[in-house]
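Asker: One structure coming up, written as structure tokens, with questions to follow.
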Amino acid sequence: MADRLAELQGRVADACASSGRDPGEVELLAVSKTFPAEAVLEAYEAGQRNFGESRQQEAATKIEVLPGDIRWHFIGGLQRNKVRKVLSSFPVVHSMDSVRLLEHSDRIAGELAVKTQVYLEVNIAGEESKGGFLPDDLLAVGGTLVGFAHLEIRGLMVIPPEGESRRWFAETRILRDRVESATGLKLPSLSMGMSGDFEDAIREGATIVRVGSALFGHRSYMQ
Ligand SMILES: *Cc1c(COP(=O)(O)O)cnc(C)c1O
């Protein structure tokens, strides 16, 4: 595990170097969904602190038994009825996909007295099968994104169509710039890139890459 983690960090550093970026700007999120707590602990012992999970219940069983200084990121579809549980154990949520969900989460975060970092998930290619804000919708709601007291909107998150991800990473960065100038919001972060394409994501400006199988191995089922 320590070797795989070091190798991944090396690939992140190389992608930064080849695109003239400071490696300190890019965070590696270890996506541990479907893998047991023991695997998380091995990565933890090798120095990893940020882990991503996509199901609240599965995550809860791991969070309970793992060190308290792990920073958990929620990356899966977030249902309204799970918001309270998710916000109580995840300081970062990558999958905010509607204004309603943001408003609801802001209220719950207030009740829990937490400040949650969030990413706005975008359906950058307008795919039927995917959730997330459509680019035009995001620009249209721009103004309502300012003023959440208990959420810190960090930036955009994307899962691009397979096969042509680099182009869509670039589109996501351009959309981020447009939303920034339309709203005055600062959106410094881009959550993009997975095991198969994180180097391209870094070349297009990713600040956090979500890597699962390249670190933990193949998942026995998809999630
Ligand atoms: C599973 C998942 C990942 C990690 O995928 P790998 O291909 O295993 O690196 C990243 N982001 C999201 C949203 C995921 O659901």
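Ordering of the structure tokens sets the chain letters (A, B, ...), residue numbers begin anew at 1 in every chain, and ligands are numbered from 1 in the order given.
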Kindly work out which residues sit at most 10 Å from ligand 1, using only C-alpha atoms and all ligand atoms, and give the list as number ranges by chain.

Answerer: A: 29-34, 52-55, 74-77, 94-95, 121, 157-159, 191-198, 209-219, 222-223

Asker: Considering only C-alpha atoms, return as an mmCIF file with all heavy atoms, in the first residue's frame whatever protein or nucleic-acid residues lie within 8 Å of Val122 (chain A), sequence-local ones (same chain, fewer than 2 positions apart) excluded.

Answerer:
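Wrote out27.cif, looks like this:
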```
data_model
loop_
_atom_site.group_PDB
_atom_site.id
_atom_site.type_symbol
_atom_site.label_atom_id
_atom_site.label_comp_id
_atom_site.auth_asym_id
_atom_site.auth_seq_id
_atom_site.Cartn_x
_atom_site.Cartn_y
_atom_site.Cartn_z
ATOM 1 N N ASP A 97 -25.991 18.942 -6.116
ATOM 2 C CA ASP A 97 -26.442 19.002 -7.505
ATOM 3 C C ASP A 97 -27.709 19.804 -7.739
ATOM 4 O O ASP A 97 -28.284 19.738 -8.824
ATOM 5 C CB ASP A 97 -26.578 17.585 -8.072
ATOM 6 C CG ASP A 97 -27.576 16.753 -7.297
ATOM 7 O OD1 ASP A 97 -28.223 17.294 -6.366
ATOM 8 O OD2 ASP A 97 -27.721 15.565 -7.619
ATOM 9 N N LEU A 120 -19.997 21.962 -6.359
ATOM 10 C CA LEU A 120 -21.191 21.885 -7.187
ATOM 11 C C LEU A 120 -20.904 20.896 -8.302
ATOM 12 O O LEU A 120 -19.975 21.087 -9.098
ATOM 13 C CB LEU A 120 -21.507 23.264 -7.773
ATOM 14 C CG LEU A 120 -21.569 24.405 -6.744
ATOM 15 C CD1 LEU A 120 -21.727 25.747 -7.447
ATOM 16 C CD2 LEU A 120 -22.706 24.169 -5.744
ATOM 17 N N ILE A 124 -21.441 18.319 -17.245
ATOM 18 C CA ILE A 124 -20.810 19.232 -18.192
ATOM 19 C C ILE A 124 -21.189 18.949 -19.643
ATOM 20 O O ILE A 124 -21.294 19.868 -20.450
ATOM 21 C CB ILE A 124 -19.262 19.244 -17.996
ATOM 22 C CG1 ILE A 124 -18.603 20.409 -18.745
ATOM 23 C CG2 ILE A 124 -18.640 17.910 -18.397
ATOM 24 C CD1 ILE A 124 -18.911 21.774 -18.192
ATOM 25 N N GLY A 131 -26.649 13.134 -13.184
ATOM 26 C CA GLY A 131 -27.143 14.246 -12.389
ATOM 27 C C GLY A 131 -26.157 15.404 -12.443
ATOM 28 O O GLY A 131 -25.165 15.367 -13.165
ATOM 29 N N GLY A 132 -26.439 16.416 -11.662
ATOM 30 C CA GLY A 132 -25.552 17.572 -11.618
ATOM 31 C C GLY A 132 -26.191 18.765 -12.307
ATOM 32 O O GLY A 132 -27.170 18.626 -13.037
ATOM 33 N N PHE A 133 -25.634 19.937 -12.063
ATOM 34 C CA PHE A 133 -26.123 21.159 -12.698
ATOM 35 C C PHE A 133 -25.745 21.142 -14.178
ATOM 36 O O PHE A 133 -24.589 20.870 -14.519
ATOM 37 C CB PHE A 133 -25.438 22.390 -12.095
ATOM 38 C CG PHE A 133 -25.888 22.749 -10.707
ATOM 39 C CD1 PHE A 133 -25.217 22.251 -9.588
ATOM 40 C CD2 PHE A 133 -26.955 23.627 -10.510
ATOM 41 C CE1 PHE A 133 -25.614 22.616 -8.300
ATOM 42 C CE2 PHE A 133 -27.357 23.998 -9.234
ATOM 43 C CZ PHE A 133 -26.681 23.485 -8.119
ATOM 44 N N LEU A 134 -26.698 21.470 -15.038
ATOM 45 C CA LEU A 134 -26.330 21.727 -16.428
ATOM 46 C C LEU A 134 -25.627 23.086 -16.469
ATOM 47 O O LEU A 134 -25.966 23.982 -15.691
ATOM 48 C CB LEU A 134 -27.582 21.741 -17.306
ATOM 49 C CG LEU A 134 -28.248 20.369 -17.441
ATOM 50 C CD1 LEU A 134 -29.635 20.501 -18.068
ATOM 51 C CD2 LEU A 134 -27.356 19.421 -18.250
ATOM 52 N N PRO A 135 -24.649 23.243 -17.356
ATOM 53 C CA PRO A 135 -23.887 24.495 -17.371
ATOM 54 C C PRO A 135 -24.761 25.750 -17.422
ATOM 55 O O PRO A 135 -24.547 26.678 -16.638
ATOM 56 C CB PRO A 135 -23.016 24.347 -18.625
ATOM 57 C CG PRO A 135 -22.800 22.878 -18.736
ATOM 58 C CD PRO A 135 -24.082 22.242 -18.284
ATOM 59 N N LEU A 156 -16.173 23.378 -8.467
ATOM 60 C CA LEU A 156 -16.994 22.453 -9.247
ATOM 61 C C LEU A 156 -16.430 21.038 -9.196
ATOM 62 O O LEU A 156 -15.232 20.832 -9.019
ATOM 63 C CB LEU A 156 -17.055 22.907 -10.714
ATOM 64 C CG LEU A 156 -17.520 24.341 -10.978
ATOM 65 C CD1 LEU A 156 -17.645 24.583 -12.492
ATOM 66 C CD2 LEU A 156 -18.840 24.648 -10.279
ATOM 67 N N MET A 157 -17.321 20.080 -9.356
ATOM 68 C CA MET A 157 -16.935 18.668 -9.448
ATOM 69 C C MET A 157 -17.537 18.104 -10.721
ATOM 70 O O MET A 157 -18.658 18.457 -11.097
ATOM 71 C CB MET A 157 -17.468 17.910 -8.225
ATOM 72 C CG MET A 157 -17.095 16.446 -8.188
ATOM 73 S SD MET A 157 -18.210 15.374 -9.102
ATOM 74 C CE MET A 157 -18.476 14.097 -7.901
ATOM 75 N N VAL A 158 -16.778 17.247 -11.396
ATOM 76 C CA VAL A 158 -17.299 16.674 -12.632
ATOM 77 C C VAL A 158 -16.896 15.210 -12.778
ATOM 78 O O VAL A 158 -15.827 14.790 -12.311
ATOM 79 C CB VAL A 158 -16.810 17.497 -13.861
ATOM 80 C CG1 VAL A 158 -15.330 17.276 -14.152
ATOM 81 C CG2 VAL A 158 -17.647 17.196 -15.109
ATOM 82 N N ILE A 159 -17.804 14.447 -13.354
ATOM 83 C CA ILE A 159 -17.499 13.091 -13.828
ATOM 84 C C ILE A 159 -17.793 13.136 -15.331
ATOM 85 O O ILE A 159 -18.947 13.080 -15.738
ATOM 86 C CB ILE A 159 -18.398 12.032 -13.156
ATOM 87 C CG1 ILE A 159 -18.316 12.150 -11.621
ATOM 88 C CG2 ILE A 159 -18.003 10.624 -13.616
ATOM 89 C CD1 ILE A 159 -19.350 11.289 -10.895
ATOM 90 N N THR A 172 -14.999 22.303 -17.999
ATOM 91 C CA THR A 172 -15.395 22.530 -16.607
ATOM 92 C C THR A 172 -14.625 23.719 -16.026
ATOM 93 O O THR A 172 -15.183 24.554 -15.315
ATOM 94 C CB THR A 172 -15.154 21.248 -15.779
ATOM 95 O OG1 THR A 172 -15.876 20.171 -16.381
ATOM 96 C CG2 THR A 172 -15.611 21.429 -14.339
#
```

Asker: Write down as a PyMOL selection string the residues belonging to region 24-210 of chain A that are assigned strand (DSSP E) by DSSP computed on the backbone.

Answerer: chain A and resi 27-31+50-53+71-74+92-96+116-122+151-158+189-191+208-210

Asker: Residues near region 85-88 of chain A, anyone? I mean within 8 Å using only C-alpha atoms, not counting same-chain ones fewer than 3 positions away, as an MDAnalysis selection string.

Answerer: chainID A and resid 56 74 82 91 105 108:109 112 114 116

Asker: Rank nothing, just name the residue among A:Gly24, A:Pro36, A:Gly205, A:Gly155 nearest to Lys62 (chain A), using only C-alpha atoms.

Answerer: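 Looking only at the distances to Lys62 (chain A), the closest residue turns out to be A:Pro36.
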
Asker: What's around region 37-45 of chain A at 8 Å? Count only C-alpha atoms, leave out sequence neighbours fewer than 6 positions away in its own chain, and write the answer as a VMD selection string.

Answerer: chain A and resid 1 to 2 5 51 62 65 to 66 70 216

Asker: Have a look at CA of Ala182 (chain A) and CA of Gly143 (chain A) and let me know their distance in Å, one decimal.

Answerer: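 Computing the Euclidean distance for CA of Ala182 (chain A) and CA of Gly143 (chain A) yields 8.0 Å.
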
Asker: Between CA of Gly110 (chain A) and CA of Val92 (chain A), what distance in Å does the model show, to one decimal?

Answerer: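 According to the coordinates, CA of Gly110 (chain A) and CA of Val92 (chain A) are separated by 15.0 Å.
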
Asker: Give the answer as one residue: which of A:Arg21, A:Arg100, A:Arg71, A:Arg4 has the shortest atom-to-atom distance to Thr144 (chain A), using only C-alpha atoms?

Answerer: A:Arg100

Asker: Considering only C-alpha atoms, state which residue in the set A:Glu127, A:Glu162, A:Glu199, A:Glu204 is at the smallest distance from Asp14 (chain A).

Answerer: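 Checking each of A:Glu127, A:Glu162, A:Glu199, A:Glu204 against Asp14 (chain A), counting only C-alpha atoms, the winner is A:Glu199.
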
Asker: Compile the contact shell of Leu151 (chain A) as a list in words: residues with an atom at most 6 Å away, counting only C-alpha atoms, same-chain residues fewer than 6 positions apart removed.

Answerer: Asp106, Lys115, Thr116 and Gln117 of chain A

Asker: For the residues in that selection, give me N, CA and C atoms as a PDB file, in the first residue's frame.

Answerer:
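Listed below is the output, out.pdb:
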```pdb
ATOM      1  N   ASP A 106     -27.622  23.746   3.889  1.00  0.00           N
ATOM      2  CA  ASP A 106     -27.197  24.934   4.644  1.00  0.00           C
ATOM      3  C   ASP A 106     -27.952  25.005   5.974  1.00  0.00           C
ATOM      4  N   LYS A 115     -19.477  23.793   9.514  1.00  0.00           N
ATOM      5  CA  LYS A 115     -19.319  24.497   8.241  1.00  0.00           C
ATOM      6  C   LYS A 115     -18.768  23.467   7.259  1.00  0.00           C
ATOM      7  N   THR A 116     -19.548  23.169   6.233  1.00  0.00           N
ATOM      8  CA  THR A 116     -19.184  22.100   5.303  1.00  0.00           C
ATOM      9  C   THR A 116     -18.634  22.697   4.014  1.00  0.00           C
ATOM     10  N   GLN A 117     -17.523  22.141   3.556  1.00  0.00           N
ATOM     11  CA  GLN A 117     -16.999  22.541   2.251  1.00  0.00           C
ATOM     12  C   GLN A 117     -17.761  21.759   1.190  1.00  0.00           C
TER      13      GLN A 117
END
```

Asker: Neighbours of Leu139 (chain A) within 8 Å (only C-alpha atoms; same-chain residues fewer than 2 positions away dropped), as a PyMOL selection string?

Answerer: chain A and resi 135-137+141-142+178-179+182

Asker: Kindly save the residues from that selection, with C-alpha atoms included, as a compact mmCIF listing (two decimals), in the first residue's frame.

Answerer:
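Produced file selection21.txt, reproduced below:
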```txt
# COMPACT_ATOMS: atom_id res chain seq x y z
CA PRO A 135 -23.89 24.50 -17.37
CA ASP A 136 -26.61 26.96 -18.41
CA ASP A 137 -28.63 26.24 -15.28
CA VAL A 141 -28.81 30.32 -10.65
CA GLY A 142 -25.47 32.05 -10.10
CA ARG A 178 -17.66 32.04 -16.12
CA VAL A 179 -19.55 31.32 -12.89
CA ALA A 182 -21.05 36.08 -13.18
```

Asker: Name the residues in contact with Gln9 (chain A) at a cut-off of 10 Å, using only C-alpha atoms, excluding same-chain residues fewer than 3 positions from it; report them as a ChimeraX atom specification.

Answerer: /A:3-6,12-15,23,26-28

Asker: Could you write out that same residue set with N, CA and C atoms as a CSV table (one decimal), in the first residue's frame?

Answerer:
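Written file, selection03.csv:
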```csv
chain,number,residue,atom,x,y,z
A,3,ASP,N,3.8,1.6,-1.1
A,3,ASP,CA,4.4,1.7,-2.4
A,3,ASP,C,3.4,2.3,-3.5
A,4,ARG,N,2.2,1.7,-3.4
A,4,ARG,CA,1.2,2.2,-4.4
A,4,ARG,C,0.9,3.7,-4.2
A,5,LEU,N,0.8,4.1,-2.9
A,5,LEU,CA,0.5,5.5,-2.6
A,5,LEU,C,1.7,6.4,-3.1
A,6,ALA,N,2.9,5.9,-2.8
A,6,ALA,CA,4.0,6.7,-3.2
A,6,ALA,C,4.1,6.8,-4.8
A,12,VAL,N,1.1,12.1,-9.6
A,12,VAL,CA,0.5,13.5,-9.5
A,12,VAL,C,1.6,14.5,-9.6
A,13,ALA,N,2.8,14.3,-9.0
A,13,ALA,CA,3.9,15.3,-9.1
A,13,ALA,C,4.4,15.5,-10.5
A,14,ASP,N,4.5,14.3,-11.2
A,14,ASP,CA,4.9,14.4,-12.6
A,14,ASP,C,3.9,15.2,-13.5
A,15,ALA,N,2.6,14.9,-13.3
A,15,ALA,CA,1.6,15.7,-14.1
A,15,ALA,C,1.7,17.1,-13.8
A,23,PRO,N,3.0,21.2,-7.2
A,23,PRO,CA,2.3,19.9,-6.7
A,23,PRO,C,1.5,20.2,-5.4
A,26,VAL,N,-2.4,20.3,-5.7
A,26,VAL,CA,-3.2,19.2,-6.1
A,26,VAL,C,-3.3,18.2,-4.9
A,27,GLU,N,-4.5,17.9,-4.5
A,27,GLU,CA,-4.7,17.0,-3.4
A,27,GLU,C,-5.1,15.6,-3.9
A,28,LEU,N,-4.6,14.6,-3.3
A,28,LEU,CA,-5.0,13.2,-3.7
A,28,LEU,C,-6.1,12.7,-2.7
```

Asker: Please identify which residues in region 168-201 of chain A DSSP calls helix (DSSP H, G or I) from the backbone, and express them as a compact mmCIF listing (two decimals) with N, CA and C atoms, in the first residue's frame.

Answerer:
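This went into part.txt:
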```txt
# COMPACT_ATOMS: atom_id res chain seq x y z
N TRP A 168 -13.56 17.69 -21.58
CA TRP A 168 -14.60 18.10 -20.63
C TRP A 168 -14.01 18.66 -19.35
N PHE A 169 -12.80 18.24 -19.01
CA PHE A 169 -12.12 18.89 -17.87
C PHE A 169 -11.87 20.36 -18.21
N ALA A 170 -11.43 20.58 -19.45
CA ALA A 170 -11.16 21.97 -19.87
C ALA A 170 -12.46 22.78 -19.86
N GLU A 171 -13.56 22.16 -20.35
CA GLU A 171 -14.85 22.86 -20.35
C GLU A 171 -15.29 23.21 -18.93
N THR A 172 -15.00 22.30 -18.00
CA THR A 172 -15.39 22.53 -16.61
C THR A 172 -14.62 23.72 -16.03
N ARG A 173 -13.34 23.80 -16.37
CA ARG A 173 -12.55 24.93 -15.90
C ARG A 173 -13.08 26.24 -16.48
N ILE A 174 -13.45 26.21 -17.75
CA ILE A 174 -13.99 27.42 -18.39
C ILE A 174 -15.32 27.83 -17.74
N LEU A 175 -16.16 26.81 -17.47
CA LEU A 175 -17.44 27.09 -16.80
C LEU A 175 -17.19 27.71 -15.43
N ARG A 176 -16.23 27.16 -14.70
CA ARG A 176 -15.88 27.72 -13.39
C ARG A 176 -15.54 29.21 -13.52
N ASP A 177 -14.71 29.52 -14.51
CA ASP A 177 -14.31 30.93 -14.69
C ASP A 177 -15.54 31.80 -14.99
N ARG A 178 -16.46 31.25 -15.78
CA ARG A 178 -17.66 32.04 -16.12
C ARG A 178 -18.55 32.24 -14.90
N VAL A 179 -18.71 31.19 -14.09
CA VAL A 179 -19.55 31.32 -12.89
C VAL A 179 -18.91 32.32 -11.93
N GLU A 180 -17.59 32.27 -11.84
CA GLU A 180 -16.90 33.24 -10.98
C GLU A 180 -17.18 34.66 -11.43
N SER A 181 -17.05 34.90 -12.72
CA SER A 181 -17.25 36.29 -13.12
C SER A 181 -18.71 36.71 -13.09
N ALA A 182 -19.62 35.73 -13.25
CA ALA A 182 -21.05 36.08 -13.18
C ALA A 182 -21.51 36.36 -11.75
N THR A 183 -20.89 35.71 -10.77
CA THR A 183 -21.40 35.81 -9.39
C THR A 183 -20.49 36.58 -8.46
N PHE A 198 -6.68 10.99 -14.19
CA PHE A 198 -6.36 12.09 -13.28
C PHE A 198 -5.21 12.97 -13.77
N GLU A 199 -4.32 12.38 -14.59
CA GLU A 199 -3.20 13.21 -15.08
C GLU A 199 -3.71 14.29 -16.04
N ASP A 200 -4.65 13.89 -16.91
CA ASP A 200 -5.26 14.89 -17.79
C ASP A 200 -6.02 15.94 -16.98
N ALA A 201 -6.68 15.49 -15.94
CA ALA A 201 -7.43 16.44 -15.10
C ALA A 201 -6.47 17.46 -14.48
```

Asker: If you measure from CA of Glu128 (chain A) to CA of Pro160 (chain A), what distance in Å do you get, rounded to one decimal?

Answerer: 12.5 Å
